Amino acid sequence: EKFFLYVGNAYPHKNLENLIEGFNLSKTNAKLLLVGREDFFYRRLKKKNYKNLVFLHDVSDSDLFYLYSHAVAVVSASLMEGFGLLPLEALGAGSIPVVSNIPSFHEVCDDLAIYFNPKDPKDIAEKLLKATKLKDSERQQIKEKAEVWLKKFSWQKMAKETLGVYESCISL
């Protein structure tokens, strides 16, 4: 079955209720998979009995990669992020990010994502439908551009830059 994927916690700033409302407005035949540690916020969402939602907890890394790489798109309606790891992971797995129009997501995705207004469920619905209508050639073009784009990001580079910041603080 076709599915959209969200990975992360369900804290209020993640804006999952607008994402779910937008997903339901899209009337797509896909499901929305929500992957994250079960906590108070996920339990609260489950009580609302939304249709076509699947809650997954304790997903292994290999299963998570499978989900990323087989999703119609990886989605996030977050209102704020310090760094956009979710869409970056999506690009790394060959998936299309459909995400909030917030600075951190633009920083990590540039023109490789489909952006929406996270406060507007109708806009979310439109962009989810847009993702379902992408041609294989459009998806392939995004994947090829992502291979080049992702070289800007590495754990090793981040560690070196962080060490440099620490060293400059110590020298003060």
# chains A, B, ... in the order shown; residues from 1 in each chain; ligands from 1
call {"tool": "closest_atom_pairs", "arguments": {"of": "range 1-97 of chain A", "to": "range 134-149 of chain A", "cutoff": "8 Å", "atoms": "only C-alpha atoms", "output": "Markdown table"}}
result
| residue | atom | partner | partner_atom | distance |
| --- | --- | --- | --- | --- |
| A:Leu91 | CA | A:Ala146 | CA | 6.1 |
| A:Gly92 | CA | A:Ala146 | CA | 7.4 |
| A:Gly94 | CA | A:Lys143 | CA | 5.6 |
| A:Ser95 | CA | A:Lys143 | CA | 7.5 |
| A:Ile96 | CA | A:Arg139 | CA | 7.4 |
call {"tool": "select_by_dssp", "arguments": {"residues": "range 19-135 of chain A", "states": "helix (DSSP H, G or I)", "output": "ChimeraX atom specification"}}
result
/A:19-26,40-47,61-70,85-92,103-109,121-132
call {"tool": "closest_residue", "arguments": {"among": "A:Tyr66, A:Phe40, A:Tyr166, A:Phe23", "to": "Ile124 in chain A", "atoms": "only C-alpha atoms"}}
result
A:Phe23
call {"tool": "closest_residue", "arguments": {"among": "A:Ala159, A:Glu89, A:Asp120, A:Leu112", "to": "Asp61 in chain A", "atoms": "only C-alpha atoms"}}
result
A:Glu89
